[in-house]
$ cat structure17.txt   # compact mmCIF, C-alpha atoms and all ligand atoms
# COMPACT_ATOMS: atom_id res chain seq x y z
CA MET A 1 -30.86 17.89 -48.60
CA LYS A 2 -30.88 14.17 -48.23
CA SER A 3 -27.07 14.04 -48.37
CA LEU A 4 -26.87 16.91 -45.79
CA LYS A 5 -29.00 14.88 -43.43
CA TRP A 6 -26.72 11.90 -43.92
CA PHE A 7 -23.73 14.15 -43.44
CA SER A 8 -25.14 15.51 -40.14
CA LEU A 9 -25.87 12.00 -39.02
CA LEU A 10 -22.32 10.94 -39.79
CA VAL A 11 -20.96 13.94 -37.85
CA ILE A 12 -23.12 13.11 -34.86
CA VAL A 13 -22.08 9.47 -34.95
CA GLY A 14 -18.47 10.56 -35.27
CA LEU A 15 -18.76 12.85 -32.27
CA LEU A 16 -20.40 10.14 -30.22
CA LEU A 17 -17.63 7.74 -31.11
CA ALA A 18 -15.03 10.35 -30.20
CA ALA A 19 -16.77 10.99 -26.87
CA CYS A 20 -16.78 7.25 -26.14
CA ALA A 21 -13.14 7.04 -27.11
CA GLN A 22 -12.35 9.85 -24.69
CA ALA A 23 -14.17 8.19 -21.80
CA THR A 24 -12.48 4.85 -22.40
CA PRO A 25 -9.44 5.34 -24.57
CA ALA A 26 -7.98 2.32 -26.28
CA PRO A 27 -4.39 2.17 -25.05
CA ALA A 28 -1.88 0.81 -27.52
CA THR A 29 0.05 -2.30 -26.53
CA GLY A 30 3.26 -0.33 -26.21
CA GLY A 31 4.93 -2.81 -28.53
CA THR A 32 6.43 -0.30 -30.96
CA ALA A 33 7.07 2.54 -28.51
CA THR A 34 10.42 4.28 -28.22
CA GLY A 35 11.89 6.97 -25.96
CA GLU A 36 11.92 7.37 -22.19
CA VAL A 37 9.43 5.96 -19.70
CA GLU A 38 9.61 7.75 -16.38
CA VAL A 39 8.30 5.53 -13.59
CA PHE A 40 7.58 7.36 -10.34
CA SER A 41 7.50 5.53 -6.99
CA TRP A 42 8.93 5.73 -3.47
CA TRP A 43 10.83 2.49 -3.63
CA THR A 44 14.34 3.35 -2.54
CA ALA A 45 14.95 1.18 0.54
CA GLY A 46 16.47 -2.32 0.58
CA GLY A 47 14.07 -4.89 -0.85
CA GLU A 48 11.65 -2.46 -2.47
CA ALA A 49 14.29 -0.83 -4.68
CA ASP A 50 15.63 -4.30 -5.58
CA GLY A 51 12.15 -5.50 -6.51
CA LEU A 52 11.68 -2.52 -8.81
CA ALA A 53 15.07 -3.20 -10.40
CA ALA A 54 14.04 -6.83 -11.02
CA MET A 55 10.87 -5.72 -12.77
CA GLN A 56 12.91 -3.25 -14.80
CA VAL A 57 14.99 -6.16 -16.11
CA VAL A 58 11.80 -7.75 -17.47
CA PHE A 59 10.79 -4.40 -18.97
CA ASP A 60 14.19 -3.86 -20.62
CA GLU A 61 14.09 -7.33 -22.15
CA LYS A 62 10.59 -6.90 -23.54
CA TYR A 63 10.99 -3.31 -24.71
CA PRO A 64 14.61 -2.77 -25.77
CA ASP A 65 13.64 0.39 -27.68
CA LEU A 66 12.37 2.07 -24.52
CA THR A 67 14.53 3.63 -21.82
CA PHE A 68 13.34 3.06 -18.24
CA VAL A 69 13.87 6.14 -16.07
CA ASN A 70 13.59 5.42 -12.35
CA ALA A 71 12.07 8.55 -10.77
CA ALA A 72 11.76 7.15 -7.23
CA VAL A 73 11.66 9.71 -4.40
CA ALA A 74 12.86 8.46 -0.99
CA GLY A 75 10.49 8.43 1.97
CA GLY A 76 8.45 5.45 3.19
CA ALA A 77 4.71 5.32 2.49
CA GLY A 78 5.20 8.00 -0.15
CA THR A 79 5.28 10.87 2.34
CA ASN A 80 7.78 12.84 0.24
CA ALA A 81 7.04 11.32 -3.15
CA ARG A 82 3.37 12.21 -3.06
CA ALA A 83 4.17 15.87 -2.31
CA VAL A 84 6.61 15.97 -5.24
CA LEU A 85 4.03 14.28 -7.46
CA ALA A 86 1.33 16.79 -6.50
CA THR A 87 3.65 19.68 -7.45
CA ARG A 88 4.45 18.05 -10.77
CA LEU A 89 0.81 17.38 -11.55
CA SER A 90 -0.20 20.94 -10.82
CA ALA A 91 2.61 22.12 -13.11
CA GLY A 92 1.28 19.85 -15.89
CA ASP A 93 4.40 17.69 -15.75
CA PRO A 94 3.24 14.14 -14.92
CA PRO A 95 5.68 11.23 -15.04
CA SER A 96 4.84 8.48 -17.55
CA SER A 97 3.33 6.40 -14.74
CA TRP A 98 3.18 6.65 -10.97
CA GLN A 99 2.61 4.42 -7.96
CA GLY A 100 -0.75 4.84 -6.26
CA HIS A 101 -2.51 2.73 -3.66
CA ALA A 102 -5.66 0.87 -4.60
CA GLY A 103 -8.66 2.26 -2.76
CA GLN A 104 -9.49 5.78 -1.64
CA GLU A 105 -6.05 7.19 -2.44
CA LEU A 106 -6.59 6.32 -6.10
CA ILE A 107 -10.32 6.97 -6.43
CA GLY A 108 -10.57 9.93 -4.04
CA THR A 109 -7.52 11.74 -5.39
CA TYR A 110 -6.37 10.96 -8.91
CA VAL A 111 -9.70 9.80 -10.34
CA ALA A 112 -11.59 12.58 -8.57
CA ALA A 113 -9.20 15.16 -10.04
CA GLY A 114 -9.44 13.66 -13.54
CA GLN A 115 -5.69 13.03 -13.60
CA ILE A 116 -5.64 9.43 -14.82
CA GLN A 117 -7.14 7.43 -17.68
CA PRO A 118 -9.34 4.33 -17.63
CA LEU A 119 -7.54 1.13 -18.60
CA ASN A 120 -10.45 -1.15 -19.47
CA ASP A 121 -9.08 -1.92 -22.92
CA LEU A 122 -5.70 -2.88 -21.51
CA TYR A 123 -7.47 -5.22 -19.06
CA GLU A 124 -9.34 -6.83 -21.95
CA GLN A 125 -6.28 -7.16 -24.17
CA ASN A 126 -4.33 -8.85 -21.37
CA GLY A 127 -7.15 -10.94 -19.90
CA TRP A 128 -6.43 -9.40 -16.48
CA LEU A 129 -9.97 -9.62 -15.16
CA ALA A 130 -9.62 -13.40 -15.13
CA VAL A 131 -6.47 -13.31 -12.98
CA MET A 132 -6.92 -10.32 -10.63
CA PRO A 133 -8.82 -10.91 -7.36
CA GLU A 134 -12.46 -9.86 -7.48
CA THR A 135 -12.05 -7.98 -4.20
CA LEU A 136 -9.47 -5.68 -5.75
CA ILE A 137 -11.25 -4.52 -8.90
CA PRO A 138 -13.93 -2.39 -7.13
CA LEU A 139 -11.15 -0.57 -5.24
CA ILE A 140 -9.58 0.62 -8.49
CA SER A 141 -12.80 1.26 -10.39
CA GLN A 142 -15.41 3.95 -10.73
CA ASP A 143 -18.49 3.95 -12.95
CA GLY A 144 -17.34 0.81 -14.74
CA ASN A 145 -13.91 2.20 -15.54
CA ILE A 146 -10.78 0.52 -14.14
CA TYR A 147 -8.06 3.03 -13.32
CA SER A 148 -4.85 1.26 -12.36
CA VAL A 149 -2.77 -1.89 -12.64
CA PRO A 150 -2.13 -3.50 -9.21
CA VAL A 151 1.31 -5.03 -9.03
CA ASN A 152 1.04 -6.62 -5.58
CA ILE A 153 -0.79 -7.25 -2.33
CA HIS A 154 0.92 -6.20 0.91
CA ARG A 155 -0.02 -7.11 4.45
CA ALA A 156 0.19 -4.26 6.97
CA ASN A 157 -0.55 -6.07 10.26
CA VAL A 158 2.69 -7.95 10.75
CA MET A 159 4.82 -7.96 13.89
CA TRP A 160 8.45 -8.82 13.09
CA TYR A 161 10.84 -9.97 15.77
CA ASN A 162 14.37 -11.01 16.54
CA PRO A 163 14.12 -14.65 17.76
CA ALA A 164 17.48 -14.52 19.57
CA VAL A 165 16.40 -11.48 21.60
CA LEU A 166 13.13 -13.15 22.55
CA ASP A 167 14.94 -16.35 23.58
CA ALA A 168 17.56 -14.50 25.59
CA ASN A 169 14.83 -12.76 27.56
CA GLY A 170 12.47 -15.70 27.99
CA VAL A 171 9.76 -13.96 25.98
CA THR A 172 7.28 -15.72 23.68
CA VAL A 173 5.47 -14.07 20.78
CA PRO A 174 2.41 -12.23 22.17
CA THR A 175 -0.94 -12.87 20.53
CA THR A 176 -2.94 -10.25 22.43
CA TRP A 177 -2.11 -6.73 23.55
CA ASP A 178 -2.18 -7.81 27.18
CA GLU A 179 0.43 -10.48 26.41
CA PHE A 180 2.41 -7.86 24.54
CA PHE A 181 2.42 -5.56 27.59
CA THR A 182 3.71 -8.37 29.83
CA ALA A 183 6.47 -9.20 27.33
CA ALA A 184 7.30 -5.51 26.87
CA GLU A 185 7.72 -4.95 30.63
CA ALA A 186 10.20 -7.84 30.79
CA LEU A 187 12.15 -6.59 27.77
CA LYS A 188 12.22 -3.04 29.07
CA ALA A 189 13.51 -4.23 32.44
CA ALA A 190 16.30 -6.06 30.59
CA GLY A 191 17.29 -2.85 28.75
CA VAL A 192 15.90 -3.90 25.35
CA THR A 193 13.57 -1.61 23.39
CA PRO A 194 10.36 -3.65 23.18
CA LEU A 195 9.02 -2.11 19.96
CA ALA A 196 11.02 -0.25 17.30
CA MET A 197 9.15 2.59 15.60
CA GLY A 198 10.12 5.24 13.08
CA GLU A 199 8.82 8.60 11.82
CA GLN A 200 5.19 9.68 12.15
CA TRP A 201 3.64 7.62 9.34
CA THR A 202 4.93 4.48 11.07
CA SER A 203 2.99 5.47 14.19
CA MET A 204 -0.15 5.74 12.05
CA HIS A 205 0.71 2.29 10.78
CA LEU A 206 0.95 1.13 14.40
CA LEU A 207 -2.34 2.86 15.25
CA GLU A 208 -4.25 1.02 12.53
CA SER A 209 -2.88 -2.30 13.78
CA VAL A 210 -3.87 -1.51 17.37
CA LEU A 211 -7.34 -0.40 16.26
CA LEU A 212 -7.81 -3.67 14.34
CA GLY A 213 -6.42 -5.80 17.16
CA SER A 214 -8.52 -4.08 19.79
CA LEU A 215 -11.79 -3.69 17.88
CA GLY A 216 -11.84 -6.79 15.67
CA ALA A 217 -12.38 -6.83 11.92
CA ASP A 218 -16.06 -5.83 11.79
CA ALA A 219 -15.80 -2.86 14.13
CA TYR A 220 -12.53 -1.80 12.47
CA ALA A 221 -14.21 -1.86 9.05
CA GLY A 222 -17.08 0.10 10.61
CA LEU A 223 -14.72 2.98 11.41
CA TRP A 224 -14.61 3.74 7.69
CA ASP A 225 -18.29 3.49 6.82
CA GLY A 226 -19.68 5.26 9.88
CA THR A 227 -21.07 2.15 11.63
CA THR A 228 -18.49 2.20 14.42
CA ASP A 229 -18.65 5.21 16.71
CA TRP A 230 -15.26 6.92 16.87
CA ALA A 231 -16.38 8.59 20.09
CA GLY A 232 -17.48 5.28 21.68
CA ALA A 233 -16.03 3.30 24.59
CA GLU A 234 -14.44 0.55 22.47
CA VAL A 235 -12.42 3.13 20.54
CA THR A 236 -11.37 4.69 23.87
CA THR A 237 -10.05 1.28 24.98
CA ALA A 238 -8.22 0.85 21.66
CA LEU A 239 -6.62 4.29 22.00
CA GLU A 240 -5.58 3.52 25.58
CA ASN A 241 -3.86 0.40 24.23
CA PHE A 242 -2.18 2.53 21.56
CA GLN A 243 -0.94 5.00 24.15
CA ARG A 244 0.47 2.20 26.25
CA VAL A 245 2.15 0.57 23.25
CA LEU A 246 3.79 3.91 22.43
CA SER A 247 5.36 3.93 25.88
CA PHE A 248 7.40 0.88 24.85
CA THR A 249 8.89 2.41 21.69
CA ASN A 250 12.34 3.94 21.13
CA SER A 251 12.68 7.59 22.12
CA ASP A 252 14.36 8.57 18.82
CA SER A 253 11.52 7.23 16.66
CA SER A 254 10.76 10.54 14.94
CA THR A 255 14.26 10.62 13.45
CA LEU A 256 14.18 7.10 11.96
CA SER A 257 12.85 5.81 8.65
CA TRP A 258 10.88 2.54 8.68
CA ASP A 259 13.91 0.54 7.62
CA GLN A 260 16.15 2.20 10.22
CA ALA A 261 13.58 1.16 12.84
CA ALA A 262 13.60 -2.38 11.43
CA GLN A 263 17.39 -2.32 11.63
CA LEU A 264 17.11 -1.94 15.43
CA VAL A 265 15.46 -5.37 15.48
CA VAL A 266 18.15 -6.81 13.20
CA ASP A 267 20.84 -5.46 15.50
CA GLY A 268 19.15 -6.86 18.60
CA ASP A 269 18.57 -3.40 20.09
CA ALA A 270 14.83 -3.90 19.82
CA ALA A 271 12.72 -7.05 20.02
CA PHE A 272 9.76 -6.23 17.77
CA THR A 273 8.66 -3.85 15.05
CA ILE A 274 5.23 -3.54 13.45
CA MET A 275 5.53 -2.91 9.75
CA GLY A 276 4.08 -4.02 6.42
CA ASP A 277 5.63 -7.01 4.73
CA TRP A 278 8.01 -4.90 2.67
CA ALA A 279 10.07 -5.49 5.87
CA ASP A 280 10.49 -9.09 4.69
CA GLY A 281 12.07 -7.73 1.50
CA PHE A 282 14.30 -5.48 3.59
CA PHE A 283 15.48 -8.27 5.91
CA VAL A 284 16.14 -10.61 2.99
CA SER A 285 18.08 -7.83 1.18
CA LEU A 286 20.42 -7.85 4.20
CA GLY A 287 21.06 -11.56 3.69
CA LEU A 288 18.85 -12.69 6.58
CA THR A 289 16.90 -15.94 6.47
CA PRO A 290 13.18 -15.83 7.24
CA GLY A 291 12.21 -18.05 10.16
CA THR A 292 15.78 -18.23 11.45
CA ASP A 293 17.20 -14.71 11.62
CA PHE A 294 13.83 -13.03 11.92
CA GLY A 295 10.34 -14.15 12.80
CA TRP A 296 6.83 -12.78 12.22
CA ALA A 297 3.31 -13.06 13.55
CA PRO A 298 0.06 -11.20 13.01
CA THR A 299 0.06 -8.10 15.21
CA PRO A 300 -1.59 -8.82 18.59
CA GLY A 301 -5.30 -9.53 18.30
CA THR A 302 -5.26 -9.77 14.51
CA ASP A 303 -4.75 -13.47 13.85
CA GLY A 304 -7.09 -14.36 10.97
CA PHE A 305 -7.27 -10.76 9.72
CA TYR A 306 -5.36 -9.55 6.67
CA GLN A 307 -5.04 -5.77 6.75
CA PHE A 308 -4.11 -5.25 3.15
CA LEU A 309 -2.96 -2.64 0.68
CA SER A 310 -1.99 -2.81 -2.96
CA ASP A 311 0.53 -0.82 -4.96
CA SER A 312 -0.70 -0.03 -8.44
CA PHE A 313 0.42 2.02 -11.44
CA VAL A 314 -1.57 4.50 -13.48
CA LEU A 315 -1.72 6.09 -16.92
CA PRO A 316 -1.86 9.90 -16.62
CA VAL A 317 -4.13 12.06 -18.74
CA ASN A 318 -1.85 13.72 -21.33
CA ALA A 319 0.87 11.21 -20.49
CA LYS A 320 4.24 11.91 -22.02
CA ASN A 321 5.04 8.85 -24.11
CA SER A 322 1.73 7.18 -23.39
CA ASP A 323 2.69 4.14 -25.52
CA GLY A 324 5.80 3.76 -23.37
CA ALA A 325 3.67 4.08 -20.22
CA VAL A 326 1.34 1.37 -21.51
CA ALA A 327 4.39 -0.84 -22.08
CA TRP A 328 5.32 -0.35 -18.41
CA LEU A 329 1.75 -1.10 -17.27
CA THR A 330 1.74 -4.23 -19.42
CA VAL A 331 4.83 -5.50 -17.59
CA ALA A 332 3.45 -4.46 -14.16
CA GLY A 333 0.30 -6.51 -14.77
CA SER A 334 2.07 -9.49 -16.32
CA ARG A 335 2.84 -12.73 -14.56
CA GLU A 336 6.49 -12.44 -15.54
CA GLY A 337 6.78 -8.90 -14.17
CA GLN A 338 5.02 -9.78 -10.92
CA GLU A 339 7.00 -12.97 -10.41
CA ALA A 340 10.22 -11.00 -10.80
CA PHE A 341 9.10 -8.16 -8.54
CA ASN A 342 7.16 -9.59 -5.61
CA PRO A 343 9.48 -12.26 -4.16
CA ILE A 344 12.14 -9.55 -3.77
CA LYS A 345 9.80 -6.70 -2.80
CA GLY A 346 8.28 -8.71 0.04
CA SER A 347 4.75 -8.82 -1.31
CA ILE A 348 2.54 -11.38 -2.96
CA CYS A 349 1.28 -11.05 -6.51
CA SER A 350 -1.97 -9.28 -7.17
CA ARG A 351 -2.39 -11.92 -9.89
CA THR A 352 -3.76 -15.24 -8.73
CA ASP A 353 -1.55 -17.37 -11.02
CA CYS A 354 1.99 -16.69 -9.74
CA ASP A 355 4.08 -19.71 -8.75
CA PRO A 356 4.20 -19.90 -4.90
CA ALA A 357 7.48 -21.84 -5.09
CA LEU A 358 9.23 -18.59 -6.07
CA PHE A 359 8.43 -17.05 -2.67
CA ASP A 360 10.20 -17.33 0.67
CA GLU A 361 8.73 -18.92 3.78
CA TYR A 362 7.16 -15.71 5.07
CA LEU A 363 5.57 -14.87 1.71
CA GLN A 364 4.23 -18.39 1.29
CA SER A 365 2.48 -17.96 4.64
CA ALA A 366 1.07 -14.65 3.38
CA ILE A 367 -0.20 -16.32 0.19
CA ALA A 368 -2.00 -18.90 2.34
CA ASP A 369 -3.43 -16.29 4.74
CA TRP A 370 -4.62 -14.03 1.89
CA SER A 371 -6.87 -16.80 0.67
CA THR A 372 -8.36 -17.68 4.08
CA ASP A 373 -8.25 -14.57 6.30
CA THR A 374 -10.82 -11.83 6.74
CA VAL A 375 -9.57 -8.95 4.59
CA VAL A 376 -9.71 -5.33 5.81
CA GLY A 377 -8.06 -2.22 4.35
CA SER A 378 -5.13 -0.16 5.53
CA LEU A 379 -5.52 3.50 6.53
CA THR A 380 -1.89 4.52 6.23
CA HIS A 381 -1.53 3.02 2.77
CA GLY A 382 -4.53 4.50 1.05
CA VAL A 383 -7.26 1.90 1.13
CA VAL A 384 -9.97 3.06 3.54
CA ALA A 385 -9.84 6.86 3.80
CA ASN A 386 -9.30 9.52 1.18
CA ASP A 387 -6.40 11.94 1.44
CA ALA A 388 -8.38 14.68 3.19
CA TRP A 389 -9.64 12.37 5.92
CA LYS A 390 -6.26 10.74 6.36
CA ALA A 391 -4.59 14.16 6.63
CA GLU A 392 -7.00 15.16 9.40
CA ILE A 393 -6.23 11.93 11.27
CA ASP A 394 -2.53 12.58 10.77
CA THR A 395 -2.78 16.07 12.24
CA ALA A 396 -4.64 14.73 15.28
CA LEU A 397 -2.04 11.98 15.64
CA GLY A 398 0.83 14.47 15.50
CA LEU A 399 -0.72 16.47 18.34
CA PHE A 400 -1.35 13.32 20.37
CA LEU A 401 2.24 12.15 19.95
CA ALA A 402 3.34 15.52 21.29
CA ASP A 403 0.87 16.06 24.16
CA GLY A 404 -0.56 12.59 24.98
CA ASP A 405 -4.06 14.06 25.44
CA LEU A 406 -6.14 10.99 24.69
CA ALA A 407 -9.58 12.61 25.10
CA ALA A 408 -8.64 15.39 22.68
CA PHE A 409 -7.26 12.81 20.25
CA GLN A 410 -10.43 10.73 20.30
CA SER A 411 -12.62 13.76 19.81
CA ALA A 412 -10.46 14.96 16.89
CA LEU A 413 -10.75 11.50 15.31
CA ALA A 414 -14.55 11.63 15.67
CA THR A 415 -14.58 15.08 14.09
CA ALA A 416 -12.40 13.86 11.23
CA CYS A 417 -14.90 11.10 10.48
CA SER A 418 -17.73 13.64 10.43
CA SER A 419 -15.91 16.06 8.17
CA SER A 420 -15.07 13.21 5.80
CA GLY A 421 -18.78 12.62 5.36
CA ALA A 422 -18.56 8.98 6.50
CA CYS A 423 -20.07 9.71 9.94
CA GLN A 424 -23.19 11.82 9.94
C1 LIG A 501 3.91 1.68 1.29
C2 LIG A 501 4.00 0.99 -0.05
C3 LIG A 501 4.94 -0.14 0.00
C4 LIG A 501 6.27 0.28 0.61
C5 LIG A 501 6.09 1.10 1.87
C6 LIG A 501 7.38 1.66 2.46
O1 LIG A 501 3.06 2.77 1.23
O2 LIG A 501 2.73 0.52 -0.39
O3 LIG A 501 5.12 -0.66 -1.29
O4 LIG A 501 6.98 0.97 -0.33
O5 LIG A 501 5.20 2.14 1.67
O6 LIG A 501 7.99 2.54 1.61

$ encode --input "structure17.txt" --output "C-alpha cells"
Amino acid sequence: MKSLKWFSLLVIVGLLLAACAQATPAPATGGTATGEVEVFSWWTAGGEADGLAAMQVVFDEKYPDLTFVNAAVAGGAGTNARAVLATRLSAGDPPSSWQGHAGQELIGTYVAAGQIQPLNDLYEQNGWLAVMPETLIPLISQDGNIYSVPVNIHRANVMWYNPAVLDANGVTVPTTWDEFFTAAEALKAAGVTPLAMGEQWTSMHLLESVLLGSLGADAYAGLWDGTTDWAGAEVTTALENFQRVLSFTNSDSSTLSWDQAAQLVVDGDAAFTIMGDWADGFFVSLGLTPGTDFGWAPTPGTDGFYQFLSDSFVLPVNAKNSDGAVAWLTVAGSREGQEAFNPIKGSICSRTDCDPALFDEYLQSAIADWSTDTVVGSLTHGVVANDAWKAEIDTALGLFLADGDLAAFQSALATACSSSGACQ
C-alpha cells in the first residue's frame, strides 16, 4: 500500500515534469546533429540573398555534418513565401526553421496556432537575454515563453535617392511632405519620376511612412492600440498626403518588385524611393557606394523616429531534424552569424555587441539612430497588426489604389480597426 502510494506519487511527479518539458522543451545545442536543415525565407534579391549566403558560410563551418538547404521563395515582404509556408504547415510539412517578423505576425499567427516551440532554454544556454534589446523580447514572447531568434533590426522609414538626379534638377532632400510635393513638381516637370514604387505591398510600406510622417510617433502608435481615431481629421489629412504622394509614382508600379523599383533610382529614371534598409544591401550588391552613388534620409516628417521591424527564425512543433534547426538558430543568434549577415543584408544586428566598424556608412547611421530615436513598429512587416487586420487593410488599400475613393478608404480602415478588436 505504502509502495503503491509512492508509486502514484512518482507517476504524478513524472507527468508534471513531462508537462513542464512540453511547455518549455529543452532544445539540444545542435552540436552533434546530422542531415539536412531546411531554412525557409524570402531572401532572394541582391543584398538579402547575399547576407543569407554569408550566414550559411558560418553555419557550414560550425556544423560540417549538417547540410544547409536554402528554401527561399521569391517575393518581397514574404507575400509569396508566407502563402507557400501556410500550405506546407497545413499539410504537416514544416521546414526546419522559417523567417517570421517579431511582433504580431509571430505572436498572432504562429504562436496563436501552436505551430512553434518556446526557446527559453536556448536563450539561457547562449546568454542571449543579456545581449538582445529589452524592447524586442516582449514582441517575441507570450506568457513568459520566448518564441523566436531575431537576427536583425531593419528600419522601414527610409527615403533613398540618387544624388546626381537631385543635383541636376536643383532639388534638395525634403524633410516634410510639403517640401516633398514642391520637389516632386519640379522633378515631374523635368520628366523624372519623383518617387519609384513597386507592387502593392510597397504601397502599404509607403502608406505606413506617410501615416507616421503626418501623424507623428504618438498618434501613429495610437492607430494600433485604439487611441488614435482612424475616422478622425488627422488621419484624413494623412490619407490626403498619401493620395498626393501616389500621384508622383511611376505608372507601372504594380508590375515591379521592390528592387526593380529601387533600380529606377539607380538608373536615374526616378529620384527617390521609400523602402526599408534592405535597399542599402541591394545598392551595395550592385557595387554602389553609400553617400556617393546613393543617399538616404528619414522619410518626410519622420526625423527622430525609427519605424522598425525584425526578422527572426523559429523552431516548429514537430520539426524535422529539430537538432539541426537548433544549430541554425544558434548561428542566427550568435555574434559571428549576425556580423556576417547584417552588413551585407543591409540591417543592423539585433544583438547589442556587434562591431560597428563592420558596417557601411548608412548602417552606422542606423546603429546611431536606433539608440536615440523614438521607436515605432512597422505595419507591412508584421510588428503592429496581426495577419487578419493587415489583410483587411490590404484589401482596402487595393480598392483605393484602383478607385481613389479616399472617404471609402478611410471608413474601411476604421472598420478594420474595429474588427481587429483594437478599436471598440
Ligand atoms: C521584409 C523583410 C526584409 C526584406 C524585405 C524585402 O519583410 O523583413 O528582411 O527581406 O521584406 O524582401

$ residues_near_ligand --input "structure17.txt" --ligand "ligand LIG 501 (chain A)" --cutoff "8 Å" --atoms "only C-alpha atoms and all ligand atoms" --output "list in words"
Trp42, Trp43, Thr44, Ala45, Glu48, Gly75, Gly76, Ala77, Gly78, His101, His154, Trp258, Gly276, Trp278, Leu309, Ser310, Asp311, Lys345, Thr380, His381 and Gly382 of chain A

$ residues_around --input "structure17.txt" --residues "Ser254 (chain A)" --least-positions-apart "4" --cutoff "7 Å" --atoms "only C-alpha atoms" --output "ChimeraX atom specification"
/A:198-200

$ write_last_selection --input "structure17.txt" --atoms "C-alpha atoms" --output "mmCIF file, in the coordinates of the input"
data_model
loop_
_atom_site.group_PDB
_atom_site.id
_atom_site.type_symbol
_atom_site.label_atom_id
_atom_site.label_comp_id
_atom_site.auth_asym_id
_atom_site.auth_seq_id
_atom_site.Cartn_x
_atom_site.Cartn_y
_atom_site.Cartn_z
ATOM 1 C CA GLY A 198 10.120 5.240 13.080
ATOM 2 C CA GLU A 199 8.820 8.600 11.820
ATOM 3 C CA GLN A 200 5.190 9.680 12.150
#

$ closest_residue --input "structure17.txt" --among "A:Phe313, A:Trp389, A:Phe282, A:Trp328" --to "Gly346 (chain A)" --atoms "all atoms listed in the file"
A:Phe282

$ residues_around --input "structure17.txt" --residues "Gly103 (chain A)" --least-positions-apart "4" --cutoff "12 Å" --atoms "all atoms listed in the file" --output "JSON, numbers by chain"
{"A": [107, 108, 109, 110, 111, 135, 136, 137, 138, 139, 140, 141, 142, 146, 147, 148, 150, 308, 309, 310, 311, 312, 376, 377, 378, 379, 380, 381, 382, 383, 384, 385, 386, 387]}

$ atom_distance --input "structure17.txt" --atom1 "CA of Thr87 (chain A)" --atom2 "CA of Lys320 (chain A)"
16.5 Å

$ residues_around --input "structure17.txt" --residues "Ala190 (chain A)" --least-positions-apart "3" --cutoff "8 Å" --atoms "all atoms listed in the file" --output "MDAnalysis selection string"
chainID A and resid 169 186:187

$ closest_residue --input "structure17.txt" --among "A:Gln364, A:Gln410, A:Gln243, A:Gln104" --to "Trp224 (chain A)" --atoms "only C-alpha atoms"
A:Gln104

$ axis_aligned_box --input "structure17.txt" --around "region 235-250 of chain A" --padding-each-side "4 Å" --output "lines of an AutoDock Vina configuration file"
center_x = 0.0
center_y = 2.7
center_z = 23.4
size_x = 32.8
size_y = 12.6
size_z = 13.7

$ closest_atom_pairs --input "structure17.txt" --of "region 295-354 of chain A" --to "region 54-73 of chain A" --cutoff "6 Å" --atoms "only C-alpha atoms" --output "Markdown table"
| residue | atom | partner | partner_atom | distance |
| --- | --- | --- | --- | --- |
| A:Gly337 | CA | A:Met55 | CA | 5.4 |
| A:Ala340 | CA | A:Ala54 | CA | 5.7 |
| A:Phe341 | CA | A:Met55 | CA | 5.2 |

$ residues_near_point --input "structure17.txt" --point "(0.8, -11.4, 12.4)" --cutoff "10 Å" --atoms "all atoms listed in the file" --output "PyMOL selection string"
chain A and resi 155-160+173-175+209+274+295-307+366

$ closest_residue --input "structure17.txt" --among "A:Thr289, A:Met132, A:Asn80, A:Glu38" --to "Gln338 (chain A)" --atoms "all atoms listed in the file"
A:Met132

$ atom_distance --input "structure17.txt" --atom1 "CA of His205 (chain A)" --atom2 "CA of Met275 (chain A)"
7.2 Å

$ atom_distance --input "structure17.txt" --atom1 "CA of Val235 (chain A)" --atom2 "CA of Val210 (chain A)"
10.2 Å

$ closest_residue --input "structure17.txt" --among "A:Thr172, A:Ser251, A:Ser214, A:Thr352" --to "Leu401 (chain A)" --atoms "all atoms listed in the file"
A:Ser251

$ residues_around --input "structure17.txt" --residues "Gly191 (chain A)" --least-positions-apart "4" --cutoff "12 Å" --atoms "all atoms listed in the file" --output "list in words"
Val165, Asn169, Ala184, Glu185, Ala186, Leu187, Phe248, Asn250, Gly268, Asp269, Ala270 and Ala271 of chain A

$ residues_around --input "structure17.txt" --residues "Leu358 (chain A)" --least-positions-apart "3" --cutoff "8 Å" --atoms "all atoms listed in the file" --output "PyMOL selection string"
chain A and resi 339+343+355

$ closest_residue --input "structure17.txt" --among "A:Trp177, A:Asp360, A:Val314, A:Gly127" --to "Ser41 (chain A)" --atoms "only C-alpha atoms"
A:Val314

$ closest_residue --input "structure17.txt" --among "A:Val37, A:Ala325, A:Ile116, A:Val265" --to "Val192 (chain A)" --atoms "all atoms listed in the file"
A:Val265

$ residues_near_point --input "structure17.txt" --point "(-19.4, 7.3, 10.7)" --cutoff "6 Å" --atoms "all atoms listed in the file" --output "VMD selection string"
chain A and resid 225 to 227 417 422 to 424
